[in-house]
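Printed here is upload38.cif (mmCIF, C-alpha atoms):
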```cif
data_query
#
loop_
_atom_site.label_atom_id
_atom_site.label_comp_id
_atom_site.auth_asym_id
_atom_site.auth_seq_id
_atom_site.Cartn_x
_atom_site.Cartn_y
_atom_site.Cartn_z
CA MET J 1 14.86 101.13 103.95
CA SER J 2 17.85 99.69 102.11
CA LYS J 3 19.00 96.13 102.52
CA LEU J 4 22.03 95.33 104.63
CA TYR J 5 24.53 92.64 103.67
CA VAL J 6 27.01 90.95 105.95
CA ALA J 7 30.08 88.86 105.22
CA ARG J 8 32.63 87.04 107.30
CA ASN J 9 36.03 88.69 107.14
CA PRO J 10 38.45 86.06 105.83
CA ARG J 11 41.23 87.72 107.84
CA ALA J 12 39.57 86.75 111.12
CA ALA J 13 40.55 83.45 112.70
CA ALA J 14 37.51 81.31 113.46
CA ARG J 15 37.08 77.89 114.96
CA SER J 16 34.27 75.86 116.46
CA LEU J 17 34.97 73.74 119.53
CA ASP J 18 32.49 71.58 121.38
CA GLY J 19 29.60 73.59 119.97
CA GLU J 20 31.16 76.97 120.70
CA MET J 21 32.22 79.29 117.89
CA MET J 22 35.22 81.45 118.68
CA ILE J 23 36.58 84.23 116.54
CA MET J 24 39.70 86.29 116.92
CA SER J 25 40.27 89.65 115.34
CA ALA J 26 43.53 89.80 113.43
CA ARG J 27 43.60 93.55 114.01
CA ASP J 28 43.52 93.74 117.79
CA SER J 29 43.49 90.07 118.90
CA THR J 30 40.12 90.49 120.56
CA LEU J 31 38.54 87.10 121.15
CA PHE J 32 34.80 86.67 120.67
CA THR J 33 32.79 83.67 121.80
CA LEU J 34 29.58 83.57 119.84
CA ASN J 35 26.23 82.73 121.32
CA LYS J 36 23.79 80.62 119.36
CA THR J 37 22.18 83.54 117.55
CA ALA J 38 25.51 85.07 116.67
CA THR J 39 26.77 81.73 115.43
CA ILE J 40 23.84 81.47 113.02
CA LEU J 41 24.52 85.01 111.84
CA TRP J 42 28.21 84.27 111.37
CA GLN J 43 27.56 81.05 109.48
CA SER J 44 24.98 82.76 107.27
CA ALA J 45 27.05 85.84 106.50
CA ASP J 46 27.89 84.95 102.91
CA GLY J 47 27.87 88.49 101.59
CA ASN J 48 24.90 87.82 99.30
CA THR J 49 22.01 87.05 101.63
CA PRO J 50 20.42 90.24 103.01
CA LEU J 51 20.51 90.52 106.78
CA ASP J 52 16.69 90.71 107.08
CA GLU J 53 16.45 87.44 105.18
CA ILE J 54 18.97 85.80 107.50
CA VAL J 55 16.96 86.99 110.47
CA THR J 56 13.52 85.92 109.21
CA GLN J 57 14.55 82.63 107.64
CA ARG J 58 17.30 81.38 109.94
CA ILE J 59 17.24 83.17 113.28
CA CYS J 60 13.53 83.72 114.02
CA PRO J 61 12.56 80.07 113.37
CA GLU J 62 15.12 79.01 115.99
CA PHE J 63 14.12 81.46 118.70
CA ASP J 64 10.89 82.92 120.02
CA ILE J 65 11.66 86.50 119.06
CA GLU J 66 9.86 89.25 117.23
CA PRO J 67 11.44 89.82 113.77
CA GLY J 68 11.86 93.56 114.23
CA VAL J 69 13.69 93.11 117.51
CA ALA J 70 15.81 90.30 116.10
CA LEU J 71 16.78 92.40 113.09
CA LYS J 72 17.79 95.33 115.28
CA ASP J 73 19.88 93.02 117.50
CA ALA J 74 21.49 91.35 114.49
CA GLU J 75 22.36 94.69 112.93
CA ASP J 76 23.91 95.96 116.18
CA LEU J 77 25.91 92.77 116.47
CA ALA J 78 27.08 92.88 112.87
CA ARG J 79 28.23 96.48 113.24
CA GLU J 80 30.08 95.70 116.46
CA LEU J 81 31.86 92.80 114.78
CA ALA J 82 32.63 95.02 111.84
CA SER J 83 34.25 97.52 114.17
CA HIS J 84 36.73 94.77 115.07
CA GLU J 85 37.19 93.90 111.40
CA ILE J 86 35.90 90.38 111.78
CA MET J 87 32.75 91.01 109.75
CA GLN J 88 31.96 93.23 106.82
CA VAL J 89 28.73 95.20 106.59
CA SER J 90 27.51 96.89 103.45
CA ASP J 91 24.31 98.07 101.81
CA ALA J 92 25.35 96.19 98.67
CA PRO J 93 26.25 92.51 98.22
CA ILE J 94 29.82 91.73 99.27
CA ALA J 95 31.96 89.63 96.96
CA ALA J 96 34.24 86.78 98.02
CA SER J 97 33.71 86.54 101.73
CA ALA J 98 34.71 83.98 104.28
CA SER J 99 33.26 83.52 107.98
CA SER J 100 32.03 85.15 112.28
CA PRO J 101 30.25 86.89 115.91
CA THR J 102 29.96 87.72 119.88
CA THR J 103 29.58 88.52 123.37
CA GLN J 104 32.53 87.68 125.47
CA ARG J 105 35.94 89.22 125.13
CA ASN J 106 39.30 88.21 126.44
CA PRO J 107 42.55 90.05 125.97
CA PRO J 108 44.58 87.16 124.58
CA THR J 109 47.89 88.84 124.10
CA GLY J 110 50.58 89.54 126.63
CA ASN J 111 52.13 92.80 127.64
CA ALA J 112 55.67 93.91 127.42
CA GLN J 113 57.98 92.23 129.86
CA MET G 1 72.88 101.01 112.07
CA PRO G 2 76.35 100.05 110.81
CA THR G 3 77.31 96.42 111.26
CA LEU G 4 80.18 95.55 113.50
CA THR G 5 83.43 94.57 111.87
CA GLU G 6 84.82 91.06 112.34
CA ARG G 7 87.84 92.42 114.20
CA GLU G 8 85.98 94.24 116.90
CA GLN G 9 83.07 91.85 117.19
CA LEU G 10 82.42 89.76 120.30
CA SER G 11 79.69 87.19 119.92
CA LEU G 12 77.48 85.00 122.03
CA LEU G 13 74.92 82.34 121.13
CA ILE G 14 71.88 82.35 123.42
CA GLU G 15 69.87 79.20 122.88
CA ILE G 16 66.37 78.93 124.35
CA GLY G 17 63.93 76.18 123.47
CA GLY G 18 66.37 74.84 120.91
CA LEU G 19 66.30 78.13 118.98
CA ALA G 20 69.53 80.10 119.02
CA VAL G 21 69.94 83.85 118.80
CA ARG G 22 73.41 85.25 118.20
CA VAL G 23 74.28 88.61 119.65
CA ASN G 24 77.31 90.69 118.66
CA THR G 25 78.76 93.48 120.72
CA THR G 26 81.98 95.42 120.89
CA ASP G 27 81.81 95.81 124.66
CA PRO G 28 83.57 93.04 126.67
CA GLY G 29 81.74 94.12 129.83
CA PHE G 30 78.36 93.77 128.19
CA LEU G 31 79.36 90.37 126.83
CA ARG G 32 80.21 89.21 130.35
CA LEU G 33 76.92 90.59 131.61
CA LEU G 34 75.09 88.51 129.00
CA GLN G 35 77.14 85.42 129.80
CA ASP G 36 76.12 85.76 133.45
CA ARG G 37 72.51 86.63 132.72
CA TYR G 38 72.00 83.67 130.39
CA ALA G 39 74.24 81.16 132.16
CA GLY G 40 73.09 77.70 131.15
CA TYR G 41 71.62 79.00 127.90
CA VAL G 42 74.81 80.11 126.23
CA GLY G 43 75.87 77.90 123.34
CA GLY G 44 78.80 75.69 124.16
CA PRO G 45 81.94 75.36 122.08
CA ASP G 46 80.31 72.61 120.02
CA ARG G 47 77.57 74.98 118.85
CA ALA G 48 78.50 76.87 115.70
CA LEU G 49 77.62 80.53 115.78
CA SER G 50 76.12 80.03 112.34
CA ALA G 51 73.39 77.90 113.95
CA ALA G 52 71.54 81.07 114.94
CA GLU G 53 67.98 81.73 113.83
CA VAL G 54 68.65 85.44 114.18
CA GLU G 55 71.77 87.52 114.62
CA PHE G 56 71.65 90.90 116.34
CA ASP G 57 74.34 93.58 116.43
CA ILE G 58 74.02 95.51 119.65
CA GLU G 59 74.74 99.21 119.84
CA LEU G 60 75.11 100.40 123.40
CA VAL G 61 74.03 103.96 124.10
CA GLN G 62 73.97 106.08 127.22
CA PRO G 63 71.20 105.30 129.73
CA GLY G 64 68.12 107.43 129.58
CA LEU G 65 66.80 106.28 126.23
CA GLY G 66 63.29 106.05 127.66
CA ASP G 67 60.79 104.36 129.93
CA PRO G 68 61.22 100.55 130.23
CA ASP G 69 57.64 100.31 131.46
CA ALA G 70 56.26 101.75 128.26
CA ASP G 71 54.25 99.51 125.93
CA VAL G 72 56.05 97.56 123.26
CA CYS G 73 55.44 98.73 119.72
CA LEU G 74 55.95 95.93 117.22
CA THR G 75 55.37 96.45 113.52
CA TYR G 76 56.19 94.56 110.34
CA ARG G 77 56.82 96.54 107.20
CA GLU G 78 58.61 95.72 103.96
CA GLY G 79 60.08 92.49 105.26
CA ARG G 80 61.35 93.97 108.47
CA TRP G 81 60.20 93.80 112.09
CA SER G 82 60.58 96.96 114.14
CA LEU G 83 60.57 96.59 117.91
CA GLU G 84 60.42 99.59 120.16
CA ARG G 85 59.95 100.23 123.84
CA GLY G 86 60.98 103.16 125.95
CA ASP G 87 64.37 101.62 126.69
CA PHE G 88 65.28 100.04 123.34
CA VAL G 89 64.85 100.18 119.60
CA ALA G 90 65.48 97.14 117.40
CA GLU G 91 64.98 95.88 113.90
CA TRP G 92 65.03 92.40 112.47
CA GLU G 93 64.93 91.28 108.87
CA PRO G 94 63.83 87.59 108.94
CA ALA G 95 64.83 86.86 105.34
CA LYS G 96 68.41 87.84 106.14
CA ARG G 97 68.28 86.56 109.73
CA ARG G 98 69.91 89.81 110.72
CA GLY G 99 68.98 92.64 113.00
CA TRP G 100 70.24 95.22 115.45
CA ILE G 101 69.37 96.43 118.92
CA ARG G 102 70.05 99.88 120.34
CA GLN G 103 69.93 99.96 124.14
CA SER G 104 71.90 100.97 127.18
CA ASN G 105 74.22 98.62 129.07
CA ASN G 106 71.60 96.60 130.96
CA PRO G 107 70.24 93.03 130.77
CA TYR G 108 66.55 93.97 130.79
CA SER G 109 66.22 95.52 127.36
CA ILE G 110 67.75 92.61 125.49
CA ASP G 111 65.69 90.26 127.62
CA ALA G 112 62.53 91.94 126.35
CA VAL G 113 63.79 91.75 122.77
CA LEU G 114 64.51 88.04 123.15
CA ARG G 115 61.04 87.38 124.53
CA ILE G 116 59.44 89.18 121.61
CA VAL G 117 61.65 87.47 119.04
CA HIS G 118 60.88 84.06 120.51
CA THR G 119 57.12 84.74 120.41
CA LEU G 120 57.50 85.36 116.69
CA LEU G 121 59.75 82.37 116.08
CA LEU G 122 57.40 80.12 118.03
CA ALA G 123 54.24 81.40 116.35
CA GLN G 124 55.64 80.30 113.02
CA ARG G 125 56.34 76.84 114.43
CA GLY G 126 53.08 76.11 116.24
CA GLY G 127 54.58 76.88 119.64
CA LEU G 128 53.64 79.28 122.41
CA LEU G 129 55.17 81.44 125.11
CA LEU G 130 52.84 81.32 128.07
CA HIS G 131 52.42 83.30 131.26
CA SER G 132 52.92 80.21 133.37
CA ALA G 133 55.34 78.46 135.62
CA SER G 134 56.46 75.02 134.54
CA ALA G 135 58.30 72.15 136.09
CA VAL G 136 59.37 68.61 135.25
CA ARG G 137 58.48 65.71 137.48
CA ASN G 138 58.91 62.02 136.63
CA GLY G 139 59.98 62.98 133.12
CA ARG G 140 56.84 64.96 132.36
CA ALA G 141 56.28 68.69 132.31
CA PHE G 142 53.46 70.45 134.15
CA LEU G 143 52.43 74.02 133.38
CA PHE G 144 50.79 76.37 135.88
CA ALA G 145 49.12 79.34 134.25
CA GLY G 146 47.68 82.45 135.75
CA VAL G 147 47.92 86.18 135.95
CA SER G 148 50.18 87.90 138.45
CA GLY G 149 49.12 86.85 141.93
CA ALA G 150 47.51 83.60 140.81
CA GLY G 151 50.25 81.57 142.46
CA LYS G 152 52.89 80.80 139.81
CA THR G 153 55.73 81.73 142.08
CA THR G 154 54.09 80.14 145.12
CA ILE G 155 53.61 76.77 143.50
CA SER G 156 57.14 76.94 142.12
CA ARG G 157 58.53 77.53 145.60
CA LEU G 158 56.48 74.64 146.98
CA ALA G 159 57.85 72.16 144.43
CA PRO G 160 59.37 69.06 146.04
CA ALA G 161 62.98 68.01 145.65
CA ASP G 162 62.25 65.55 142.85
CA THR G 163 60.95 68.39 140.67
CA THR G 164 62.99 70.49 138.26
CA LEU G 165 61.84 74.04 137.67
CA LEU G 166 61.71 75.15 134.04
CA THR G 167 60.50 78.66 134.84
CA ASP G 168 58.45 80.48 137.43
CA GLU G 169 57.12 83.01 134.93
CA ILE G 170 57.27 82.32 131.17
CA SER G 171 56.84 78.82 129.81
CA TYR G 172 58.29 77.86 126.47
CA VAL G 173 56.24 75.29 124.57
CA ARG G 174 57.01 73.78 121.18
CA LYS G 175 54.96 71.38 119.13
CA SER G 176 56.46 67.99 118.47
CA ASP G 177 54.98 65.31 116.21
CA ASN G 178 52.11 64.26 118.42
CA ASP G 179 52.60 66.24 121.56
CA TYR G 180 54.05 69.40 123.07
CA ILE G 181 57.43 69.86 124.66
CA ALA G 182 58.13 72.35 127.45
CA PHE G 183 61.61 73.86 127.67
CA GLY G 184 63.38 75.63 130.46
CA THR G 185 63.77 79.39 130.06
CA PRO G 186 65.95 82.09 131.53
CA PHE G 187 62.87 84.33 131.73
CA THR G 188 62.31 84.76 135.43
CA GLY G 189 59.60 86.10 137.67
CA GLU G 190 59.66 86.89 141.37
CA MET G 191 62.04 84.03 142.15
CA ALA G 192 64.69 85.60 139.90
CA LYS G 193 65.99 82.09 139.37
CA LEU G 194 66.75 80.80 135.91
CA GLY G 195 64.94 77.64 134.92
CA GLU G 196 66.94 74.51 134.15
CA ASN G 197 67.79 74.22 130.48
CA ILE G 198 66.03 70.89 129.95
CA SER G 199 62.84 69.78 128.21
CA ALA G 200 60.05 67.24 128.67
CA PRO G 201 56.69 66.36 127.11
CA VAL G 202 53.83 68.42 128.52
CA ALA G 203 51.56 66.26 130.68
CA ALA G 204 49.05 68.94 131.71
CA LEU G 205 48.30 72.62 131.90
CA TYR G 206 46.79 73.71 135.19
CA LEU G 207 44.88 76.97 135.51
CA LEU G 208 45.77 78.22 138.97
CA ALA G 209 43.27 79.32 141.58
CA GLN G 210 43.91 79.71 145.27
CA GLY G 211 41.30 78.27 147.62
CA SER G 212 40.67 76.47 150.88
CA GLU G 213 41.54 72.99 149.64
CA ASN G 214 43.68 71.25 147.06
CA ARG G 215 41.73 69.86 144.15
CA ILE G 216 41.74 69.46 140.39
CA ASP G 217 38.59 70.19 138.42
CA PRO G 218 37.79 69.70 134.75
CA VAL G 219 37.60 72.68 132.41
CA SER G 220 35.41 72.81 129.32
CA PRO G 221 37.28 72.90 126.00
CA GLY G 222 36.01 76.41 125.33
CA ASP G 223 37.17 77.69 128.71
CA ALA G 224 40.49 75.93 128.18
CA VAL G 225 41.07 77.75 124.90
CA ARG G 226 39.98 81.10 126.34
CA SER G 227 42.21 80.70 129.37
CA LEU G 228 45.13 79.57 127.27
CA LEU G 229 44.81 82.50 124.88
CA ALA G 230 44.51 84.88 127.82
CA ASN G 231 47.92 83.67 128.97
CA VAL G 232 49.73 83.66 125.65
CA LEU G 233 52.49 86.21 125.25
CA PHE G 234 52.15 87.73 121.86
CA PHE G 235 52.83 91.24 120.70
CA ALA G 236 52.40 91.38 116.93
CA GLU G 237 49.31 92.71 115.21
CA ASP G 238 50.03 90.54 112.23
CA GLN G 239 47.18 88.71 110.55
CA ASP G 240 49.03 85.50 109.71
CA LEU G 241 50.74 85.21 113.08
CA VAL G 242 47.56 86.00 115.04
CA GLN G 243 45.82 83.24 113.11
CA ALA G 244 48.74 80.90 113.77
CA VAL G 245 48.63 81.55 117.52
CA PHE G 246 44.84 81.19 117.57
CA HIS G 247 44.95 77.81 115.86
CA SER G 248 47.92 76.70 117.97
CA ALA G 249 45.82 77.24 121.09
CA PHE G 250 43.12 74.92 119.77
CA GLU G 251 45.71 72.38 118.76
CA PHE G 252 47.29 72.50 122.20
CA VAL G 253 43.94 72.02 123.96
CA SER G 254 43.14 69.06 121.73
CA ARG G 255 46.33 67.29 122.81
CA VAL G 256 47.08 68.42 126.36
CA PRO G 257 44.73 68.08 129.36
CA VAL G 258 43.80 71.51 130.71
CA GLN G 259 42.39 71.53 134.24
CA ARG G 260 41.77 73.95 137.06
CA LEU G 261 44.09 73.49 140.04
CA THR G 262 42.80 75.02 143.23
CA PHE G 263 45.34 74.98 146.00
CA VAL G 264 46.17 76.16 149.47
CA PRO G 265 49.70 77.45 149.78
CA ASP G 266 51.44 74.41 151.18
CA SER G 267 53.44 71.62 149.62
CA ARG G 268 50.64 69.02 149.78
CA VAL G 269 49.32 70.37 146.49
CA TRP G 270 52.17 68.56 144.80
CA GLU G 271 50.66 65.24 145.90
CA LEU G 272 48.13 65.86 143.11
CA ILE G 273 50.79 66.53 140.49
CA LYS G 274 52.62 63.41 139.42
#
```

Could you write out this structure as structure tokens?
Amino acid sequence: MSKLYVARNPRAAARSLDGEMMIMSARDSTLFTLNKTATILWQSADGNTPLDEIVTQRICPEFDIEPGVALKDAEDLARELASHEIMQVSDAPIAASASSPTTQRNPPTGNAQ
Amino acid sequence: MPTLTEREQLSLLIEIGGLAVRVNTTDPGFLRLLQDRYAGYVGGPDRALSAAEVEFDIELVQPGLGDPDADVCLTYREGRWSLERGDFVAEWEPAKRRGWIRQSNNPYSIDAVLRIVHTLLLAQRGGLLLHSASAVRNGRAFLFAGVSGAGKTTISRLAPADTTLLTDEISYVRKSDNDYIAFGTPFTGEMAKLGENISAPVAALYLLAQGSENRIDPVSPGDAVRSLLANVLFFAEDQDLVQAVFHSAFEFVSRVPVQRLTFVPDSRVWELIK
């Protein structure tokens, strides 16, 4: 099975506040609040470290989770974030990346008045 | 769209939040309609028309252009903003500070254009347009945010006599050196009453909730940012501006107390707001 690489999309706005990492998609203004696992993934997504290495070396030591399950979860998460253009996923290393991930969404923009 | 000639042009300066927009029309009736609609926000004789951030030529067309309840489409291409809704089409070239609006003779279309333009102007300046009522009491501004039905109009109606309403619907907030300033707006909600054209430093943002008692509860910084962003009016899918609004929300929360205000619909709630 080929390696998967993940990178933060520099176009996404990201900020940590009081221990919470929040990311906003520049494409559709979707707001993500990352859980602890997703925050580790986001912070580790440098474009050069394979996803399985991120999972085994940085996520699994922090949580009591089976590596295969963690890798599947991380891959699903990375692909979801990629669908909002806040993370890049590739089966080759990704050059020049910047920072992101997860679970809660808010529609932050207003509607026409 | 052809520009209006000097001879036939009638102009008006509409100044909201200290940012002026000049509108040009050839229709005296439409000019009067705008003067009435934006009474209190129309630049006085001491304000030069050249002070405008943006200048729009308005082309009036027959009614029936389209559905005013349609979604706004806002795009930026080759240095030009295009704004479109069922009932209007507009363009704006920021570098030239010029634009045009095509709409029928009504106050609602241009009102929507002004709201959109101000969201863009504010985003570039660290400010925000918020779905919230706001009022000044004892020289300080209080914002009351919430979706429709949360109580913006109710709390505005309950305001005591020593309170000045800035808006019952759309709050206008600009960043100052070390704090935020709330301005009155002509953007109205159910009360259909223009806010007073004054400003004051923002003392607090309250997230409205209706309940069985009046009380103020703390809100975590994360919840404050999420709630604030959920109430920001912003239309552009523009990377730089989305980032600007995102970071402005964090900046706001770092400087302004954000709390949850639960209230029963009677005037005693204002005893908590001083």

Pull out every residue that the PyMOL selection byres ((chain G) within 7 of (chain J)) matches in the shown coordinates and put them as a ChimeraX atom specification. /G:71-72,112,221-222,229-235,237-239,242-243,246

Could you expand the PyMOL selection byres ((chain G and resi 135-147) around 8) into the explicit residues it covers here, written as JSON, numbers by chain? {"G": [130, 131, 132, 133, 134, 148, 149, 150, 151, 152, 156, 162, 163, 164, 165, 166, 167, 171, 181, 182, 199, 200, 201, 202, 203, 204, 205, 206, 207, 208, 209, 231, 273, 274]}

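Note that CA of Glu85 (chain J) and CA of Pro94 (chain G) are 27.5 Å apart.
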
Expressed in Å, the length from CA of Val42 (chain G) to CA of Gln124 (chain G) is 23.3 Å

Quick one: pull the distance between CA of Thr49 (chain J) and CA of Glu80 (chain J), Å, one decimal.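 A separation of 19.0 Å between them.
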
Please write as a ChimeraX atom specification the full residue list that the PyMOL selection byres ((chain G and resi 21) around 12) yields on this file. /G:11-20,22-24,38,41-43,47-57,92,97-100,110-111,113-115,117-118,121

Nearest residue to Glu59 (chain G) out of G:Gln35, G:Asn105, G:Ser220, G:Ser82, using only C-alpha atoms?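 Closest candidate: G:Asn105.
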